[in-house]
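**Student:** One file is attached below, structure_2.cif, containing mmCIF, C-alpha atoms.
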```
data_protein
#
loop_
_atom_site.label_atom_id
_atom_site.label_comp_id
_atom_site.auth_asym_id
_atom_site.auth_seq_id
_atom_site.Cartn_x
_atom_site.Cartn_y
_atom_site.Cartn_z
CA MET A 1 222.52 -4.03 52.34
CA ASP A 2 222.95 -3.76 56.08
CA THR A 3 221.70 -0.98 58.27
CA ASN A 4 225.04 0.84 58.26
CA THR A 5 224.87 1.36 54.51
CA VAL A 6 221.32 2.62 54.72
CA VAL A 7 222.21 5.07 57.48
CA GLN A 8 225.25 6.31 55.55
CA ALA A 9 223.16 6.78 52.42
CA ALA A 10 220.61 8.78 54.38
CA GLN A 11 223.35 10.97 55.80
CA VAL A 12 224.63 11.69 52.30
CA ILE A 13 221.18 12.62 51.00
CA GLY A 14 220.48 14.95 53.86
CA PRO A 15 218.36 15.24 56.94
CA HIS A 16 214.79 14.02 56.81
CA ALA A 17 215.70 11.59 54.03
CA PHE A 18 213.59 8.88 55.58
CA ALA A 19 210.72 11.33 55.89
CA TRP A 20 210.72 11.84 52.13
CA LEU A 21 211.02 8.12 51.53
CA GLY A 22 208.18 7.43 53.92
CA ALA A 23 206.07 10.12 52.29
CA GLY A 24 206.41 8.49 48.91
CA LEU A 25 205.73 5.03 50.28
CA ALA A 26 202.74 6.19 52.31
CA VAL A 27 200.69 7.57 49.47
CA GLY A 28 201.90 4.92 47.04
CA LEU A 29 200.83 2.00 49.15
CA GLY A 30 197.78 3.78 50.47
CA THR A 31 196.13 4.26 47.11
CA LEU A 32 196.47 0.55 46.30
CA GLY A 33 193.65 -0.52 48.56
CA SER A 34 191.52 2.45 47.63
CA GLY A 35 191.91 1.70 43.93
CA VAL A 36 190.86 -1.92 44.39
CA GLY A 37 187.90 -0.83 46.53
CA ILE A 38 186.66 1.74 44.04
CA GLY A 39 186.98 -0.75 41.22
CA ILE A 40 184.92 -3.29 43.10
CA ILE A 41 182.28 -0.74 44.09
CA PHE A 42 181.72 0.63 40.63
CA GLY A 43 181.93 -2.76 38.96
CA LYS A 44 179.35 -4.26 41.23
CA SER A 45 177.04 -1.29 40.95
CA ILE A 46 177.20 -1.29 37.15
CA GLU A 47 176.50 -4.99 37.19
CA SER A 48 173.52 -4.65 39.51
CA ALA A 49 172.14 -1.70 37.55
CA ALA A 50 172.31 -3.85 34.44
CA ARG A 51 170.42 -6.62 36.17
CA GLN A 52 167.68 -4.32 37.48
CA PRO A 53 167.54 -0.97 35.68
CA GLU A 54 164.57 0.33 37.66
CA ALA A 55 166.69 0.31 40.82
CA THR A 56 169.27 2.64 39.26
CA PRO A 57 168.60 5.72 41.47
CA LEU A 58 169.05 3.67 44.62
CA ILE A 59 172.16 2.02 43.21
CA ASN A 60 173.57 5.41 42.21
CA ARG A 61 173.07 6.76 45.71
CA MET A 62 174.76 3.80 47.34
CA MET A 63 177.56 3.93 44.77
CA TYR A 64 178.44 7.52 45.55
CA THR A 65 178.25 6.86 49.27
CA GLY A 66 180.61 3.91 48.96
CA PHE A 67 182.96 5.85 46.70
CA ALA A 68 183.38 8.69 49.17
CA LEU A 69 183.97 6.35 52.08
CA VAL A 70 186.61 4.36 50.19
CA GLU A 71 188.29 7.48 48.80
CA ALA A 72 188.69 8.74 52.35
CA GLN A 73 191.01 5.83 53.12
CA ALA A 74 193.45 6.86 50.43
CA LEU A 75 193.28 10.42 51.70
CA TYR A 76 194.20 9.32 55.22
CA ALA A 77 197.46 8.09 53.66
CA LEU A 78 197.85 11.37 51.77
CA LEU A 79 197.47 13.22 55.06
CA ILE A 80 200.40 11.28 56.49
CA THR A 81 202.39 12.23 53.40
CA PHE A 82 201.70 15.90 53.93
CA LEU A 83 202.63 15.60 57.59
CA LEU A 84 205.91 13.97 56.63
CA LEU A 85 206.69 16.45 53.86
CA ALA A 86 206.11 19.42 56.14
CA LYS A 87 209.30 18.66 58.03
CA LYS A 88 211.93 21.15 57.02
CA MET B 1 202.48 23.36 52.37
CA GLY B 2 203.37 27.01 52.63
CA GLU B 3 200.60 28.50 50.53
CA HIS B 4 198.26 29.50 53.35
CA HIS B 5 199.58 32.62 54.97
CA ILE B 6 197.52 33.71 57.92
CA ILE B 7 196.68 37.39 57.60
CA THR B 8 195.57 38.81 60.92
CA HIS B 9 193.08 41.58 60.45
CA LEU B 10 192.08 42.34 63.99
CA PRO B 11 194.17 40.96 66.83
CA ILE B 12 192.09 39.96 69.82
CA HIS B 13 193.74 38.20 72.71
CA ALA B 14 191.37 37.33 75.52
CA LEU B 15 192.06 35.09 78.52
CA GLY B 16 195.25 33.81 76.96
CA ILE B 17 193.49 32.55 73.83
CA ASN B 18 194.20 33.99 70.44
CA LEU B 19 190.81 35.07 69.12
CA SER B 20 192.08 37.28 66.33
CA ILE B 21 190.07 37.88 63.20
CA THR B 22 192.27 36.26 60.58
CA ASN B 23 191.54 35.46 56.97
CA VAL B 24 190.51 31.95 58.03
CA VAL B 25 187.87 33.46 60.33
CA VAL B 26 186.70 35.72 57.50
CA MET B 27 186.31 32.66 55.25
CA LEU B 28 184.24 30.94 57.93
CA MET B 29 182.04 33.99 58.27
CA VAL B 30 181.60 34.13 54.49
CA ALA B 31 180.55 30.46 54.46
CA ALA B 32 178.12 30.94 57.33
CA GLY B 33 176.76 34.12 55.78
CA LEU B 34 176.21 32.40 52.44
CA THR B 35 174.44 29.51 54.15
CA PHE B 36 172.16 31.88 56.00
CA LEU B 37 171.44 34.01 52.94
CA PHE B 38 170.74 31.00 50.73
CA LEU B 39 168.43 29.25 53.19
CA PHE B 40 166.66 32.44 54.22
CA GLY B 41 166.18 33.48 50.61
CA ALA B 42 164.99 29.98 49.76
CA ALA B 43 162.38 30.09 52.52
CA ARG B 44 161.12 33.44 51.32
CA ALA B 45 161.07 32.38 47.69
CA LEU B 46 159.28 29.11 48.37
CA ARG B 47 156.62 30.55 50.66
CA PRO B 48 153.97 32.14 48.44
CA THR B 49 154.08 30.17 45.22
CA GLY B 50 157.34 28.30 44.78
CA GLU B 51 158.12 29.78 41.38
CA GLY B 52 161.32 31.42 40.32
CA ARG B 53 164.90 30.35 39.92
CA LEU B 54 166.02 30.47 43.54
CA ALA B 55 162.92 28.60 44.62
CA ASN B 56 163.52 25.89 42.05
CA LEU B 57 167.19 25.53 42.95
CA ALA B 58 166.47 25.44 46.66
CA GLU B 59 163.66 22.94 46.16
CA ALA B 60 165.93 20.68 44.14
CA LEU B 61 168.72 20.74 46.71
CA LEU B 62 166.51 20.50 49.77
CA GLY B 63 164.45 17.74 48.21
CA PHE B 64 167.64 15.87 47.43
CA VAL B 65 168.81 16.18 51.03
CA GLN B 66 165.44 15.20 52.44
CA GLU B 67 164.92 12.20 50.19
CA ASN B 68 168.37 10.72 50.19
CA VAL B 69 169.74 11.68 53.56
CA SER B 70 167.02 12.39 56.04
CA ASP B 71 164.22 10.04 55.06
CA ALA B 72 166.55 7.18 54.27
CA PHE B 73 168.15 6.96 57.72
CA LEU B 74 165.93 8.65 60.24
CA GLY B 75 162.54 7.05 59.67
CA GLN B 76 159.92 8.61 61.89
CA HIS B 77 162.21 11.32 63.25
CA ALA B 78 163.09 12.59 59.78
CA SER B 79 161.01 15.76 59.89
CA HIS B 80 162.30 16.59 63.36
CA TRP B 81 165.97 16.32 62.50
CA PHE B 82 165.83 17.43 58.88
CA PRO B 83 166.66 21.12 59.63
CA PHE B 84 169.82 20.11 61.46
CA VAL B 85 170.97 17.72 58.74
CA ALA B 86 170.16 20.23 56.00
CA THR B 87 172.07 22.99 57.80
CA VAL B 88 175.10 20.74 58.18
CA PHE B 89 174.88 19.88 54.48
CA PHE B 90 174.63 23.48 53.30
CA PHE B 91 177.28 24.87 55.63
CA ILE B 92 179.78 22.26 54.52
CA LEU B 93 178.74 22.72 50.90
CA PHE B 94 179.33 26.47 50.97
CA GLY B 95 182.45 26.04 53.08
CA ASN B 96 183.81 23.75 50.37
CA LEU B 97 182.67 25.81 47.41
CA ILE B 98 184.18 29.15 48.43
CA GLY B 99 187.59 27.53 48.04
CA LEU B 100 187.05 27.58 44.29
CA VAL B 101 186.93 31.37 43.98
CA PRO B 102 190.20 32.34 42.28
CA ILE B 103 191.21 35.30 44.38
CA PRO B 104 194.82 34.39 45.00
CA SER B 105 196.16 33.75 48.49
CA TYR B 106 193.04 34.96 50.26
CA PHE B 107 190.11 32.74 49.35
CA HIS B 108 190.52 29.19 50.50
CA ALA B 109 188.05 26.55 51.56
CA ALA B 110 186.82 27.14 55.07
CA THR B 111 186.68 23.38 55.52
CA GLY B 112 190.26 22.95 54.33
CA ASN B 113 191.29 23.55 57.90
CA LEU B 114 191.48 20.72 60.39
CA ASN B 115 190.24 22.97 63.18
CA VAL B 116 186.99 23.66 61.36
CA THR B 117 186.28 20.07 60.42
CA ALA B 118 187.27 18.77 63.84
CA THR B 119 184.88 21.24 65.44
CA MET B 120 182.03 20.14 63.20
CA ALA B 121 182.78 16.49 63.84
CA SER B 122 182.91 17.11 67.59
CA VAL B 123 179.58 18.93 67.50
CA VAL B 124 177.98 16.05 65.62
CA PHE B 125 179.53 13.53 68.02
CA LEU B 126 178.27 15.38 71.09
CA ILE B 127 174.80 15.78 69.65
CA VAL B 128 174.59 12.10 68.74
CA GLN B 129 175.71 10.99 72.20
CA GLY B 130 173.33 13.47 73.82
CA VAL B 131 170.42 12.18 71.74
CA ALA B 132 171.31 8.60 72.59
CA ILE B 133 171.47 9.29 76.31
CA LYS B 134 168.29 11.34 76.24
CA SER B 135 166.20 8.73 74.44
CA HIS B 136 167.60 5.55 75.93
CA GLY B 137 169.43 6.51 79.09
CA LEU B 138 172.90 5.43 79.99
CA LYS B 139 172.06 1.75 79.52
CA PHE B 140 172.25 2.53 75.81
CA TYR B 141 175.99 2.12 76.11
CA LEU B 142 175.56 -1.30 77.66
CA SER B 143 173.61 -2.44 74.64
CA VAL B 144 176.23 -1.00 72.31
CA LEU B 145 179.37 -2.20 74.07
CA PHE B 146 177.94 -5.63 74.85
CA PRO B 147 175.85 -6.29 71.78
CA ARG B 148 173.21 -8.92 72.12
CA SER B 149 173.67 -10.01 68.55
CA ALA B 150 177.11 -11.43 69.31
CA PRO B 151 177.69 -14.90 70.80
CA ALA B 152 178.25 -14.85 74.54
CA ILE B 153 181.89 -15.82 74.19
CA LEU B 154 182.70 -12.65 72.29
CA ARG B 155 180.17 -10.36 73.87
CA TYR B 156 182.22 -9.66 76.97
CA THR B 157 185.75 -10.16 75.70
CA LEU B 158 186.29 -9.00 72.14
CA MET B 159 183.29 -6.88 71.22
CA PRO B 160 183.64 -4.06 73.83
CA PRO B 161 187.05 -2.83 72.58
CA ILE B 162 185.94 -3.12 68.97
CA GLU B 163 182.72 -1.22 69.58
CA LEU B 164 184.50 1.38 71.69
CA ILE B 165 187.06 2.01 68.98
CA GLY B 166 184.22 2.21 66.49
CA ILE B 167 182.50 4.91 68.50
CA ILE B 168 185.69 6.90 69.09
CA ALA B 169 186.85 6.61 65.48
CA ARG B 170 183.70 8.15 64.00
CA PRO B 171 184.37 11.84 64.74
CA PHE B 172 188.01 11.40 63.74
CA SER B 173 187.09 9.87 60.43
CA LEU B 174 184.46 12.54 59.76
CA ALA B 175 186.93 15.33 60.44
CA ILE B 176 189.87 13.85 58.56
CA ARG B 177 187.80 12.72 55.58
CA LEU B 178 186.46 16.22 54.93
CA PHE B 179 189.73 17.98 55.70
CA ALA B 180 191.91 15.69 53.59
CA ASN B 181 189.54 15.79 50.61
CA MET B 182 189.52 19.58 50.60
CA MET B 183 193.21 20.05 51.25
CA ALA B 184 194.32 17.44 48.74
CA GLY B 185 192.30 18.95 45.92
CA HIS B 186 193.60 22.45 46.54
CA GLN B 187 197.16 21.24 46.92
CA ILE B 188 196.97 19.54 43.53
CA ILE B 189 195.69 22.74 41.91
CA ILE B 190 198.41 24.78 43.61
CA VAL B 191 201.10 22.38 42.49
CA LEU B 192 199.84 22.39 38.92
CA LEU B 193 199.55 26.16 38.70
CA THR B 194 202.58 27.38 40.59
CA GLY B 195 204.80 24.38 40.27
CA GLU B 196 205.92 24.54 43.84
CA LEU B 197 205.38 21.89 46.47
CA ILE B 198 207.37 22.36 49.68
CA GLY B 199 209.79 24.55 47.80
CA VAL B 200 210.65 21.98 45.13
CA THR B 201 209.88 23.30 41.68
CA TYR B 202 207.91 20.98 39.47
CA LEU B 203 209.71 19.77 36.37
CA LEU B 204 207.19 21.00 33.80
CA HIS B 205 207.60 24.53 35.06
CA GLN B 206 211.35 24.43 34.70
CA GLY B 207 211.06 24.07 30.96
CA PHE B 208 212.46 20.57 31.05
CA PHE B 209 210.06 19.25 28.45
CA LEU B 210 209.22 20.65 25.02
CA LYS B 211 207.43 23.96 25.01
CA ILE B 212 204.45 22.29 23.38
CA LEU B 213 203.69 20.55 26.66
CA ALA B 214 203.56 23.84 28.53
CA PRO B 215 199.73 24.19 28.62
CA ALA B 216 199.41 20.74 30.17
CA PRO B 217 199.56 21.90 33.82
CA LEU B 218 197.06 24.64 33.10
CA ILE B 219 194.61 22.25 31.47
CA GLY B 220 195.17 19.85 34.33
CA ALA B 221 194.40 22.59 36.83
CA ILE B 222 191.17 23.47 35.01
CA VAL B 223 190.09 19.83 34.97
CA MET B 224 190.95 19.48 38.66
CA ASP B 225 188.88 22.59 39.37
CA GLY B 226 185.84 20.93 37.81
CA PHE B 227 186.53 17.78 39.78
CA GLU B 228 186.73 19.87 42.94
CA ILE B 229 183.14 21.04 42.46
CA PHE B 230 182.07 17.41 42.27
CA VAL B 231 184.11 16.55 45.36
CA ALA B 232 182.62 19.51 47.26
CA PHE B 233 179.09 18.20 46.70
CA ILE B 234 180.01 14.61 47.45
CA GLN B 235 181.81 15.46 50.70
CA ALA B 236 178.96 17.62 51.95
CA PHE B 237 176.54 14.82 51.08
CA ILE B 238 178.67 12.21 52.83
CA PHE B 239 179.07 14.27 55.99
CA ALA B 240 175.32 14.90 56.17
CA LEU B 241 174.60 11.25 55.38
CA LEU B 242 176.86 9.97 58.14
CA THR B 243 175.38 12.49 60.55
CA ALA B 244 171.88 11.23 59.74
CA LEU B 245 173.10 7.63 59.98
CA TYR B 246 174.61 8.08 63.44
CA LEU B 247 171.54 9.98 64.59
CA GLY B 248 169.27 7.22 63.32
CA GLU B 249 171.33 4.61 65.13
CA ALA B 250 171.22 6.63 68.33
CA LEU B 251 167.50 7.28 68.09
CA GLU B 252 166.29 3.77 67.53
CA GLY B 253 168.94 1.88 69.47
CA SER B 254 171.36 -0.56 67.91
CA HIS B 255 171.85 -4.31 67.81
#
```
Go ahead and express the file in the form of structure tokens.
**Tutor:**
Amino acid sequence: MDTNTVVQAAQVIGPHAFAWLGAGLAVGLGTLGSGVGIGIIFGKSIESAARQPEATPLINRMMYTGFALVEAQALYALLITFLLLAKK
Amino acid sequence: MGEHHIITHLPIHALGINLSITNVVVMLMVAAGLTFLFLFGAARALRPTGEGRLANLAEALLGFVQENVSDAFLGQHASHWFPFVATVFFFILFGNLIGLVPIPSYFHAATGNLNVTATMASVVFLIVQGVAIKSHGLKFYLSVLFPRSAPAILRYTLMPPIELIGIIARPFSLAIRLFANMMAGHQIIIVLLTGELIGVTYLLHQGFFLKILAPAPLIGAIVMDGFEIFVAFIQAFIFALLTALYLGEALEGSH
């Protein structure tokens, strides 16, 4: 598939076709890293809470902090999606 | 994203800037008013005895902020900066929570607006830099940009751009994190309830599937609403935590 075919396909679909494609790709690929990060964070914190139950409040606090920071990365990608979708 | 119509209540144009009272401004005033009323009422309720429902609620929230945010990052300056951190926390909390009131097309989260979150992030950034300059002088930046904990090869070549980008990226990440969290949650609820995202009608609302699946978007919207309360608390906590973290770094010097 050379670039001419891709350009012709985009012209058939309509204007801003690549914007829609990019919007889908942005949030799709962006949540990959965030999902892995959240899995690691919660897995490790459950593991460490099981090893030392009396440290659970501290571990909980750090877990929620880490979760929000990692979730923000996926939302940066979602922001790009909204910016792309807002093109009329 | 056409669900936020700006309703201008009182047009004010001064010096070429549009200072009209719109519904966004009214939401901000509601958030600020709620913050003031809650904290003022909490102070009055806690003063004589500390009994009663508002006193208990305020003590729980303020104790949470003091223990987990202020004392954890600020050390000896905790009691000095705790009012600022607590105000940031409560303003963002109320700004997030008023977006959950179901009055259609008027009530939206005051923090679901990039202007609001960017302003808050800029204020925090300026205060942190001001505190750093005031307590360490301008040579504070020398110790940040050329960190002594890095080997001499990197200290003058690679670390300055990295540290500079790190400093510049902080207000951006604060603003975008809060804004995107609030906007994404409300967009999901809007899509589930009205079935319209950028003018494209959602399949479940077109009757494509069996009628028995029809309550699914409504149940999804209710579940997302509960999740939004959780996200509102977490985002306020994270913003206040990062504010206290940056303040602590500025106060005691880094590296």
**Student:** Output the residue selection produced by the PyMOL selection byres ((chain B and resi 110) around 10) on the file above, formatted as a PyMOL selection string.
**Tutor:** chain B and resi 23-32+91-92+94-99+107-109+111-117+179+182
**Student:** CA of Ile238 in chain B and CA of Ala118 in chain B, how far apart in Å?
**Tutor:**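 One can read the CA of Ala118 in chain B to CA of Ile238 in chain B distance as 15.4 Å.
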**Student:** Can you list every residue of chain B that has an atom at most 9 Å from chain A, with its nearest atom pair and the distance in Å to one decimal, using all atoms listed in the file, ordered by chain then number, as a Markdown table?
**Tutor:**
```
| residue | atom | partner | partner_atom | distance |
| --- | --- | --- | --- | --- |
| B:Met1 | CA | A:Ala86 | CA | 6.6 |
| B:Gly2 | CA | A:Ala86 | CA | 8.8 |
| B:Asn68 | CA | A:Arg61 | CA | 7.6 |
| B:Ser173 | CA | A:Ala72 | CA | 8.3 |
| B:Ile176 | CA | A:Tyr76 | CA | 7.1 |
| B:Arg177 | CA | A:Ala72 | CA | 5.2 |
| B:Leu178 | CA | A:Ala72 | CA | 8.2 |
| B:Ala180 | CA | A:Leu75 | CA | 5.8 |
| B:Asn181 | CA | A:Leu75 | CA | 6.6 |
| B:Met183 | CA | A:Leu79 | CA | 8.9 |
| B:Ala184 | CA | A:Leu78 | CA | 7.6 |
| B:Ile198 | CA | A:Ala86 | CA | 7.2 |
| B:Val231 | CA | A:Ala68 | CA | 8.8 |
| B:Ile234 | CA | A:Ala68 | CA | 7.0 |
| B:Gln235 | CA | A:Ala68 | CA | 7.1 |
| B:Phe237 | CA | A:Thr65 | CA | 8.3 |
| B:Ile238 | CA | A:Thr65 | CA | 6.4 |
| B:Leu241 | CA | A:Thr65 | CA | 8.4 |
```
**Student:** Kindly give the distance, in Å, that separates CA of Leu192 in chain B and CA of Pro217 in chain B, rounded to a single decimal.
**Tutor:** 5.1 Å
**Student:** Applying the PyMOL selection byres ((chain B and resi 80) around 12) to the file I just gave you, which residues come out? Please list them as a PyMOL selection string.
**Tutor:** chain B and resi 66+70-71+74-79+81-86+244+247-248+251
